[in-house]
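Visitor: This is my_file-v4.pdb, which holds PDB, C-alpha atoms:
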```pdb
ATOM      1  CA  MET T  15      26.000  86.586  95.042
ATOM      2  CA  LYS T  16      28.772  87.665  97.394
ATOM      3  CA  THR T  17      26.287  88.284 100.181
ATOM      4  CA  ILE T  18      24.703  84.875  99.747
ATOM      5  CA  LEU T  19      28.106  83.213  99.853
ATOM      6  CA  ARG T  20      29.070  85.187 102.963
ATOM      7  CA  GLU T  21      25.812  84.201 104.664
ATOM      8  CA  LEU T  22      26.345  80.587 103.701
ATOM      9  CA  LEU T  23      29.883  80.597 105.086
ATOM     10  CA  ARG T  24      28.735  82.233 108.300
ATOM     11  CA  SER T  25      25.977  79.675 108.721
ATOM     12  CA  VAL T  26      28.385  76.766 108.128
ATOM     13  CA  ARG T  27      30.892  78.266 110.565
ATOM     14  CA  ALA T  28      28.199  78.660 113.240
ATOM     15  CA  ARG T  29      27.069  75.066 112.797
ATOM     16  CA  ILE T  30      30.601  73.683 113.061
ATOM     17  CA  GLU T  31      31.221  75.762 116.182
ATOM     18  CA  LEU T  32      27.963  74.617 117.692
ATOM     19  CA  LEU T  33      28.790  70.991 117.048
ATOM     20  CA  ILE T  34      32.221  71.321 118.657
ATOM     21  CA  LEU T  35      30.894  73.353 121.581
ATOM     22  CA  THR T  36      28.091  70.915 122.289
ATOM     23  CA  LEU T  37      30.425  67.968 122.216
ATOM     24  CA  PHE T  38      33.047  69.433 124.514
ATOM     25  CA  ALA T  39      31.112  71.651 126.892
ATOM     26  CA  TYR T  40      31.146  71.126 130.671
ATOM     27  CA  ASP T  41      28.281  72.616 132.612
ATOM     28  CA  GLY T  42      28.364  76.049 131.097
ATOM     29  CA  GLU T  43      32.122  76.492 131.159
ATOM     30  CA  VAL T  44      34.027  77.034 127.961
ATOM     31  CA  ASP T  45      36.536  74.217 128.033
ATOM     32  CA  TYR T  46      37.540  72.830 124.668
ATOM     33  CA  SER T  47      41.166  73.800 124.310
ATOM     34  CA  PRO T  48      41.981  71.169 121.654
ATOM     35  CA  TYR T  49      39.634  73.030 119.350
ATOM     36  CA  ALA T  50      40.719  76.516 120.282
ATOM     37  CA  GLU T  51      42.055  77.167 116.798
ATOM     38  CA  LYS T  52      38.732  76.433 115.132
ATOM     39  CA  VAL T  53      36.397  78.053 117.623
ATOM     40  CA  ASP T  54      36.647  81.685 118.628
ATOM     41  CA  VAL T  55      37.137  80.755 122.294
ATOM     42  CA  ALA T  56      38.365  84.159 123.326
ATOM     43  CA  GLY T  57      35.399  85.844 121.678
ATOM     44  CA  LEU T  58      32.907  83.609 123.463
ATOM     45  CA  GLN T  59      34.702  84.036 126.763
ATOM     46  CA  ARG T  60      34.551  87.810 126.328
ATOM     47  CA  LEU T  61      30.851  87.537 125.591
ATOM     48  CA  THR T  62      30.334  85.417 128.713
ATOM     49  CA  GLU T  63      32.194  87.991 130.797
ATOM     50  CA  ARG T  64      30.061  90.765 129.325
ATOM     51  CA  LEU T  65      26.921  88.793 130.172
ATOM     52  CA  HIS T  66      28.190  88.327 133.726
ATOM     53  CA  ALA T  67      28.716  92.065 134.014
ATOM     54  CA  ALA T  68      25.379  93.019 132.447
ATOM     55  CA  LEU T  69      23.080  90.477 134.072
ATOM     56  CA  VAL T  70      23.651  91.367 137.700
ATOM     57  CA  PRO T  71      21.089  90.665 140.437
ATOM     58  CA  VAL T  72      18.814  93.563 141.340
ATOM     59  CA  SER T  73      16.911  93.993 144.592
ATOM     60  CA  PRO T  74      13.221  94.720 144.856
ATOM     61  CA  ARG T  75      12.345  97.784 146.950
ATOM     62  CA  ALA T  76      12.097  96.929 150.645
ATOM     63  CA  GLU T  77       8.803  98.806 150.881
ATOM     64  CA  PHE T  78       7.344  96.785 148.016
ATOM     65  CA  GLN T  79       8.495  93.511 149.583
ATOM     66  CA  ALA T  80       6.997  94.363 152.963
ATOM     67  CA  ARG T  81       3.705  95.569 151.487
ATOM     68  CA  LEU T  82       3.338  92.492 149.295
ATOM     69  CA  LYS T  83       4.077  90.166 152.204
ATOM     70  CA  GLU T  84       1.480  91.900 154.341
ATOM     71  CA  SER T  85      -1.209  91.640 151.672
ATOM     72  CA  LEU T  86      -0.320  88.006 150.918
ATOM     73  CA  LEU T  87      -0.612  87.068 154.590
ATOM     74  CA  ALA T  88      -3.951  88.869 154.808
ATOM     75  CA  ALA T  89      -5.178  87.087 151.672
ATOM     76  CA  ALA T  90      -3.973  83.721 153.024
ATOM     77  CA  SER T  91      -5.774  84.274 156.337
ATOM     78  CA  GLN T  92      -8.950  85.316 154.521
ATOM     79  CA  ARG T  93      -8.781  82.284 152.282
ATOM     80  CA  LEU T  94      -8.346  79.965 155.277
ATOM     81  CA  ALA T  95     -11.226  81.626 157.120
ATOM     82  CA  ALA T  96     -13.442  81.288 154.032
ATOM     83  CA  GLU T  97     -12.491  77.615 153.677
ATOM     84  CA  ARG T  98     -13.221  76.989 157.355
ATOM     85  CA  GLU T  99     -16.574  78.722 157.029
ATOM     86  CA  SER T 100     -17.555  76.740 153.956
ATOM     87  CA  ARG T 101     -16.549  73.516 155.740
ATOM     88  CA  ILE T 102     -18.732  74.443 158.721
ATOM     89  CA  ALA T 103     -21.606  75.363 156.401
ATOM     90  CA  ALA T 104     -21.265  72.026 154.607
ATOM     91  CA  LEU T 105     -21.282  70.177 157.935
ATOM     92  CA  ARG T 106     -24.304  72.149 159.072
ATOM     93  CA  ARG T 107     -26.149  71.297 155.833
ATOM     94  CA  ARG T 108     -25.312  67.635 156.281
ATOM     95  CA  TRP T 109     -26.622  67.553 159.848
ATOM     96  CA  MET T 110     -29.758  69.395 158.801
ATOM     97  CA  LEU T 111     -30.375  66.772 156.119
ATOM     98  CA  ILE T 112     -29.778  63.972 158.611
ATOM     99  CA  GLY T 113     -32.116  65.687 161.075
ATOM    100  CA  ALA T 114     -34.777  66.167 158.440
ATOM    101  CA  ALA T 115     -34.485  62.539 157.381
ATOM    102  CA  ALA T 116     -34.663  61.348 160.973
ATOM    103  CA  GLY T 117     -37.642  63.657 161.634
ATOM    104  CA  SER T 118     -39.468  62.374 158.559
ATOM    105  CA  LEU T 119     -38.790  58.815 159.593
ATOM    106  CA  SER T 120     -40.036  59.376 163.114
ATOM    107  CA  MET T 121     -43.145  61.189 161.818
ATOM    108  CA  LEU T 122     -43.812  58.286 159.495
ATOM    109  CA  SER T 123     -43.354  55.898 162.406
ATOM    110  CA  VAL T 124     -45.782  57.871 164.592
ATOM    111  CA  ALA T 125     -48.296  58.012 161.743
ATOM    112  CA  GLY T 126     -47.856  54.286 161.262
ATOM    113  CA  ILE T 127     -48.421  53.592 164.949
ATOM    114  CA  VAL T 128     -51.522  55.818 165.019
ATOM    115  CA  ALA T 129     -52.868  54.118 161.909
ATOM    116  CA  ALA T 130     -52.194  50.712 163.421
ATOM    117  CA  VAL T 131     -53.933  51.646 166.662
ATOM    118  CA  LEU T 132     -56.966  53.055 164.803
ATOM    119  CA  LEU T 133     -57.145  49.966 162.618
ATOM    120  CA  HIS T 134     -56.887  47.752 165.665
ATOM    121  CA  GLN T 135     -59.677  49.626 167.488
ATOM    122  CA  ARG T 136     -61.935  49.435 164.440
ATOM    123  CA  THR T 137     -61.302  45.685 164.189
ATOM    124  CA  ILE T 138     -62.233  45.244 167.891
ATOM    125  CA  ARG T 139     -65.493  47.288 167.443
ATOM    126  CA  LEU T 140     -66.514  45.169 164.474
TER     127      LEU T 140
ATOM    128  CA  MET V 263      12.917  74.035 158.400
ATOM    129  CA  ASP V 264      13.331  72.052 155.179
ATOM    130  CA  GLU V 265      11.480  73.082 152.052
ATOM    131  CA  TYR V 266       9.098  70.134 151.899
ATOM    132  CA  THR V 267       7.851  70.680 155.479
ATOM    133  CA  LEU V 268       7.521  74.383 154.822
ATOM    134  CA  ILE V 269       5.406  73.794 151.706
ATOM    135  CA  GLU V 270       3.181  71.323 153.565
ATOM    136  CA  ARG V 271       2.676  73.852 156.327
ATOM    137  CA  ALA V 272       2.133  76.712 153.876
ATOM    138  CA  ARG V 273      -1.021  75.029 152.574
ATOM    139  CA  ASN V 274      -2.795  75.843 155.845
ATOM    140  CA  ASP V 275      -0.551  78.342 157.570
ATOM    141  CA  PRO V 276      -0.138  81.916 156.277
ATOM    142  CA  GLU V 277       3.062  82.385 158.300
ATOM    143  CA  ALA V 278       4.698  79.432 156.547
ATOM    144  CA  PHE V 279       3.667  80.873 153.193
ATOM    145  CA  GLY V 280       5.260  84.131 154.320
ATOM    146  CA  LEU V 281       8.538  82.280 154.901
ATOM    147  CA  LEU V 282       8.399  80.758 151.429
ATOM    148  CA  TYR V 283       7.706  84.211 150.021
ATOM    149  CA  GLU V 284      10.739  85.693 151.775
ATOM    150  CA  ARG V 285      12.900  82.876 150.489
ATOM    151  CA  TYR V 286      11.976  83.376 146.829
ATOM    152  CA  VAL V 287      10.766  86.927 146.294
ATOM    153  CA  GLY V 288      14.225  88.221 145.321
ATOM    154  CA  LYS V 289      14.838  85.463 142.780
ATOM    155  CA  ILE V 290      11.431  85.799 141.152
ATOM    156  CA  TYR V 291      11.719  89.580 141.044
ATOM    157  CA  ASN V 292      15.127  89.364 139.372
ATOM    158  CA  TYR V 293      13.873  86.910 136.808
ATOM    159  CA  ILE V 294      10.865  89.036 135.928
ATOM    160  CA  TYR V 295      12.844  92.282 135.947
ATOM    161  CA  TYR V 296      15.237  91.052 133.267
ATOM    162  CA  ARG V 297      12.360  89.696 131.200
ATOM    163  CA  VAL V 298      10.276  92.887 131.233
ATOM    164  CA  GLY V 299      12.966  95.542 131.608
ATOM    165  CA  ASN V 300      11.453  97.879 134.189
ATOM    166  CA  HIS V 301      10.830  97.947 137.924
ATOM    167  CA  TYR V 302       7.197  98.947 137.718
ATOM    168  CA  ASP V 303       6.038  95.901 135.749
ATOM    169  CA  ALA V 304       8.494  93.659 137.594
ATOM    170  CA  GLU V 305       6.776  94.545 140.875
ATOM    171  CA  ASP V 306       3.322  94.020 139.420
ATOM    172  CA  LEU V 307       4.172  90.621 137.929
ATOM    173  CA  THR V 308       6.049  89.502 141.058
ATOM    174  CA  ALA V 309       2.955  90.251 143.126
ATOM    175  CA  ARG V 310       0.768  88.351 140.664
ATOM    176  CA  THR V 311       3.151  85.385 140.717
ATOM    177  CA  PHE V 312       2.888  85.034 144.499
ATOM    178  CA  TYR V 313      -0.886  85.538 144.528
ATOM    179  CA  ARG V 314      -1.222  82.785 141.949
ATOM    180  CA  ALA V 315       1.096  80.563 143.998
ATOM    181  CA  LEU V 316      -0.998  81.226 147.107
ATOM    182  CA  ASN V 317      -4.228  80.357 145.301
ATOM    183  CA  HIS V 318      -2.838  77.121 143.890
ATOM    184  CA  ILE V 319      -0.476  75.897 146.602
ATOM    185  CA  ALA V 320      -3.038  73.300 147.680
ATOM    186  CA  GLU V 321      -2.733  71.698 144.232
ATOM    187  CA  TYR V 322       1.082  71.809 144.165
ATOM    188  CA  THR V 323       2.701  68.376 144.024
ATOM    189  CA  PRO V 324       6.495  68.135 144.132
ATOM    190  CA  ARG V 325       7.684  65.927 141.269
ATOM    191  CA  GLY V 326      11.390  65.892 141.911
ATOM    192  CA  ALA V 327      11.866  69.508 140.889
ATOM    193  CA  PRO V 328      12.434  72.209 143.516
ATOM    194  CA  PHE V 329       9.615  74.514 144.599
ATOM    195  CA  SER V 330      11.372  77.387 142.840
ATOM    196  CA  ALA V 331      10.822  75.595 139.501
ATOM    197  CA  TRP V 332       7.077  75.853 140.065
ATOM    198  CA  LEU V 333       7.356  79.551 140.946
ATOM    199  CA  TYR V 334       9.553  80.282 137.914
ATOM    200  CA  ARG V 335       7.021  78.546 135.701
ATOM    201  CA  ILE V 336       4.214  80.715 137.068
ATOM    202  CA  ALA V 337       6.374  83.810 136.571
ATOM    203  CA  HIS V 338       7.315  82.705 133.057
ATOM    204  CA  ASN V 339       3.666  82.234 132.056
ATOM    205  CA  LEU V 340       2.773  85.655 133.398
ATOM    206  CA  VAL V 341       5.684  87.270 131.550
ATOM    207  CA  VAL V 342       4.645  85.559 128.302
ATOM    208  CA  ASN V 343       1.083  86.867 128.725
ATOM    209  CA  TRP V 344       2.444  90.297 129.568
ATOM    210  CA  HIS V 345       4.492  90.422 126.358
ATOM    211  CA  ARG V 346       1.512  89.167 124.354
ATOM    212  CA  ASP V 347      -0.764  91.869 125.772
ATOM    213  CA  ARG V 348       1.887  94.472 125.232
ATOM    214  CA  GLN V 349       2.326  93.501 121.594
ATOM    215  CA  ARG V 350      -1.409  93.562 121.118
ATOM    216  CA  HIS V 351      -1.836  97.012 122.608
ATOM    217  CA  GLN V 352       1.506  98.360 121.372
ATOM    218  CA  LEU V 353       1.830 100.692 124.325
ATOM    219  CA  VAL V 354       5.587 100.850 124.352
ATOM    220  CA  SER V 355       8.105  99.814 121.753
ATOM    221  CA  LEU V 356      10.639  97.112 122.557
ATOM    222  CA  GLU V 357      13.448  99.614 122.208
ATOM    223  CA  GLU V 358      11.975 101.841 124.850
ATOM    224  CA  ALA V 359      11.458  98.979 127.258
ATOM    225  CA  ILE V 360      15.071  98.045 126.691
ATOM    226  CA  SER V 361      16.248 101.588 127.173
ATOM    227  CA  HIS V 362      14.935 101.433 130.759
ATOM    228  CA  THR V 363      16.799  98.252 131.581
ATOM    229  CA  PRO V 364      20.153  99.371 132.897
ATOM    230  CA  LEU V 365      18.761 102.378 134.738
ATOM    231  CA  GLY V 366      17.944 102.448 138.390
ATOM    232  CA  HIS V 367      15.114 104.552 139.797
ATOM    233  CA  GLY V 368      15.454 108.207 138.815
ATOM    234  CA  GLU V 369      18.652 107.833 136.798
ATOM    235  CA  GLU V 370      18.998 110.171 133.819
ATOM    236  CA  LEU V 371      19.946 109.141 130.298
ATOM    237  CA  HIS V 372      22.800 111.627 130.025
ATOM    238  CA  GLN V 373      24.526 109.951 132.988
ATOM    239  CA  LEU V 374      25.085 106.797 131.006
ATOM    240  CA  SER V 375      28.739 106.096 130.421
ATOM    241  CA  GLU V 376      30.113 104.362 127.377
ATOM    242  CA  ARG V 377      30.279 101.146 129.348
ATOM    243  CA  GLU V 378      26.644 101.390 130.204
ATOM    244  CA  ASP V 379      25.860 101.881 126.527
ATOM    245  CA  GLU V 380      27.650  98.637 125.832
ATOM    246  CA  LYS V 381      25.684  96.913 128.537
ATOM    247  CA  GLU V 382      22.492  98.367 127.171
ATOM    248  CA  ARG V 383      23.297  97.090 123.701
ATOM    249  CA  LEU V 384      23.988  93.636 125.055
ATOM    250  CA  LEU V 385      20.757  93.572 127.049
ATOM    251  CA  ALA V 386      18.886  94.789 123.984
ATOM    252  CA  ALA V 387      20.307  91.862 122.034
ATOM    253  CA  VAL V 388      19.420  89.463 124.869
ATOM    254  CA  ARG V 389      15.858  90.691 124.797
ATOM    255  CA  ARG V 390      15.629  90.074 121.062
ATOM    256  CA  LEU V 391      16.426  86.384 121.631
ATOM    257  CA  PRO V 392      13.627  83.775 121.718
ATOM    258  CA  GLU V 393      11.943  83.423 125.114
ATOM    259  CA  ASP V 394      13.588  80.154 126.114
ATOM    260  CA  ARG V 395      17.060  81.571 125.433
ATOM    261  CA  GLN V 396      16.349  84.690 127.468
ATOM    262  CA  GLN V 397      15.108  82.511 130.300
ATOM    263  CA  LEU V 398      18.246  80.385 130.144
ATOM    264  CA  LEU V 399      20.599  83.386 130.279
ATOM    265  CA  ILE V 400      18.757  84.970 133.203
ATOM    266  CA  LEU V 401      18.715  81.755 135.197
ATOM    267  CA  LYS V 402      22.390  81.136 134.485
ATOM    268  CA  PHE V 403      23.836  84.614 134.947
ATOM    269  CA  VAL V 404      21.446  86.408 137.294
ATOM    270  CA  GLU V 405      20.403  83.471 139.455
ATOM    271  CA  GLY V 406      23.670  81.579 139.080
ATOM    272  CA  LEU V 407      21.924  78.231 138.580
ATOM    273  CA  SER V 408      23.618  75.139 137.189
ATOM    274  CA  ASN V 409      22.541  73.461 133.958
ATOM    275  CA  VAL V 410      20.801  70.703 135.961
ATOM    276  CA  GLU V 411      18.769  73.229 137.968
ATOM    277  CA  ILE V 412      17.916  75.180 134.824
ATOM    278  CA  GLY V 413      16.851  71.944 133.183
ATOM    279  CA  GLN V 414      14.483  71.213 136.083
ATOM    280  CA  ILE V 415      12.926  74.639 135.760
ATOM    281  CA  MET V 416      12.632  74.595 131.983
ATOM    282  CA  GLY V 417      11.618  70.943 131.807
ATOM    283  CA  ARG V 418      14.617  69.867 129.693
ATOM    284  CA  SER V 419      17.591  67.576 130.131
ATOM    285  CA  GLU V 420      21.021  68.856 131.158
ATOM    286  CA  GLY V 421      22.366  68.067 127.684
ATOM    287  CA  ALA V 422      19.577  70.023 126.036
ATOM    288  CA  ILE V 423      20.353  73.016 128.249
ATOM    289  CA  LYS V 424      24.064  72.841 127.381
ATOM    290  CA  SER V 425      23.264  72.735 123.711
ATOM    291  CA  LEU V 426      20.758  75.589 124.002
ATOM    292  CA  TYR V 427      23.299  77.640 125.958
ATOM    293  CA  TYR V 428      25.929  77.415 123.273
ATOM    294  CA  ARG V 429      23.464  78.045 120.490
ATOM    295  CA  THR V 430      22.397  81.106 122.444
ATOM    296  CA  LEU V 431      25.969  82.363 122.801
ATOM    297  CA  LEU V 432      26.599  81.925 119.109
ATOM    298  CA  SER V 433      23.454  83.676 117.993
ATOM    299  CA  LEU V 434      24.015  86.457 120.508
ATOM    300  CA  ARG V 435      27.526  86.999 119.195
ATOM    301  CA  GLU V 436      26.182  87.036 115.666
ATOM    302  CA  MET V 437      23.519  89.579 116.579
ATOM    303  CA  LEU V 438      26.107  91.827 118.172
ATOM    304  CA  GLU V 439      28.381  91.548 115.138
ATOM    305  CA  GLU V 440      25.581  92.242 112.687
ATOM    306  CA  THR V 441      24.046  95.223 114.420
ATOM    307  CA  PRO V 442      26.794  97.038 116.292
ATOM    308  CA  GLU V 443      24.832 100.253 116.585
ATOM    309  CA  GLN V 444      21.381  98.821 117.200
ATOM    310  CA  GLY V 445      19.930  99.320 120.639
ATOM    311  CA  LYS V 446      21.653 102.669 121.072
ATOM    312  CA  SER V 447      18.841 104.522 119.366
ATOM    313  CA  PRO V 448      15.229 103.552 118.758
ATOM    314  CA  ARG V 449      14.492 102.000 115.375
ATOM    315  CA  SER V 450      11.035 103.542 115.051
ATOM    316  CA  PRO V 451      11.087 106.866 116.871
ATOM    317  CA  GLY V 452       7.412 107.697 116.436
ATOM    318  CA  SER V 453       6.016 104.484 117.953
ATOM    319  CA  ALA V 454       6.876 104.886 121.613
ATOM    320  CA  THR V 455       4.925 106.224 124.535
ATOM    321  CA  GLY V 456       6.178 106.001 128.096
ATOM    322  CA  ASP V 457       4.737 103.737 130.777
ATOM    323  CA  GLU V 458       6.603 104.931 133.823
TER     324      GLU V 458
END
```
Now, as a test, write the supplied structure out as structure tokens.
Guide:
Amino acid sequence: MKTILRELLRSVRARIELLILTLFAYDGEVDYSPYAEKVDVAGLQRLTERLHAALVPVSPRAEFQARLKESLLAAASQRLAAERESRIAALRRRWMLIGAAAGSLSMLSVAGIVAAVLLHQRTIRL
Amino acid sequence: MDEYTLIERARNDPEAFGLLYERYVGKIYNYIYYRVGNHYDAEDLTARTFYRALNHIAEYTPRGAPFSAWLYRIAHNLVVNWHRDRQRHQLVSLEEAISHTPLGHGEELHQLSEREDEKERLLAAVRRLPEDRQQLLILKFVEGLSNVEIGQIMGRSEGAIKSLYYRTLLSLREMLEETPEQGKSPRSPGSATGDE
């Protein structure tokens, strides 16, 4: 029973603090002095300081950075070359289709002319 | 060169992509390092983040958010998948991953001072937080971003970030109060195998 009550009190306390903090917070800074008595300001400030000290920037190894850059540049160049090649191939295919269509048309035209000439000659003979 | 021009150029120019890489590699590495807790996986995921960015930069459209927001989102998705795979395969326990966090390359456990133990305990608690709260703390403390910038990256309003930040502080404080000794020693000693 005691534990449940303690948990309940803790939960209520956290909710009240959250409400006050949310209402009076400025861009991440703890600034709500009128409520300092109700909220454990010092405790939260200490926690923020500890987070500042623990979460410090780290640097990737220089060798790793250089190697990754090199392989990214190589991959980017390869990708561009592949894209260029596929564009050229697509263009080539298009021109081949146009050529084939033009060729077919001209063959049909020649066949038509030949047929017309033959038909004409036969008509004259008759 | 401003960022927009650089991104436009990077779509067809490897050198421009190289400049973008140099500008953001440190930030992305930091973010991933604090999410995964070791240098080895941080390097692997950083590389994958930039390869994915390279493969999709043609589809990138700036929608008011900075380019870094897009990169962080790629990194975040990769980290989430990494954690999911890790849980599935159970290669290394969370405690072990955490125990690597404050150490640099080659540092020995016995060299840890009391202060480092404290730091380790705090980082262990941070890593037990939900993903969005971890992300918020890393962006705020490691990257030094403002609530507006964090909101752009996480796709939330400034007010929502403020509220999340304070909820995070409160739950972190509660976790530290409840488990003062947790994080100093593994909870399940038999479950861990090393990855480095």
Visitor: Closest to chain V among T:Leu22, T:Val55, T:Ala67, T:Val128, using all atoms listed in the file?
Guide: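 Of T:Leu22, T:Val55, T:Ala67, T:Val128, the one nearest chain V, counting all atoms listed in the file, is T:Ala67.
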Visitor: Within 10 Å of segment 430-433 of chain V, counting all atoms listed in the file, which residues show up once you throw out same-chain ones fewer than 4 positions away? Write them as a PyMOL selection string, please.
Guide: (chain T and resi 28-29+31-32+35+57-59+61-62+65) or (chain V and resi 387-388+391-392+394-396+398-399+424-426+437-439)
Visitor: Find, counting all atoms listed in the file, the residue in T:Ser100, T:Ser25, T:Thr137, T:Ser118 that gets nearest to chain V.
Guide: T:Ser25
Visitor: List, as a ChimeraX atom specification, every residue that the PyMOL selection byres ((chain T) within 6 of (chain V)) selects in the file provided.
Guide: /T:36,41,66,68-72,87,90
Visitor: What does the structure give for the distance between atom CA of Pro328 of chain V and atom CA of Leu307 of chain V, in Å to one decimal?
Guide: 20.9 Å
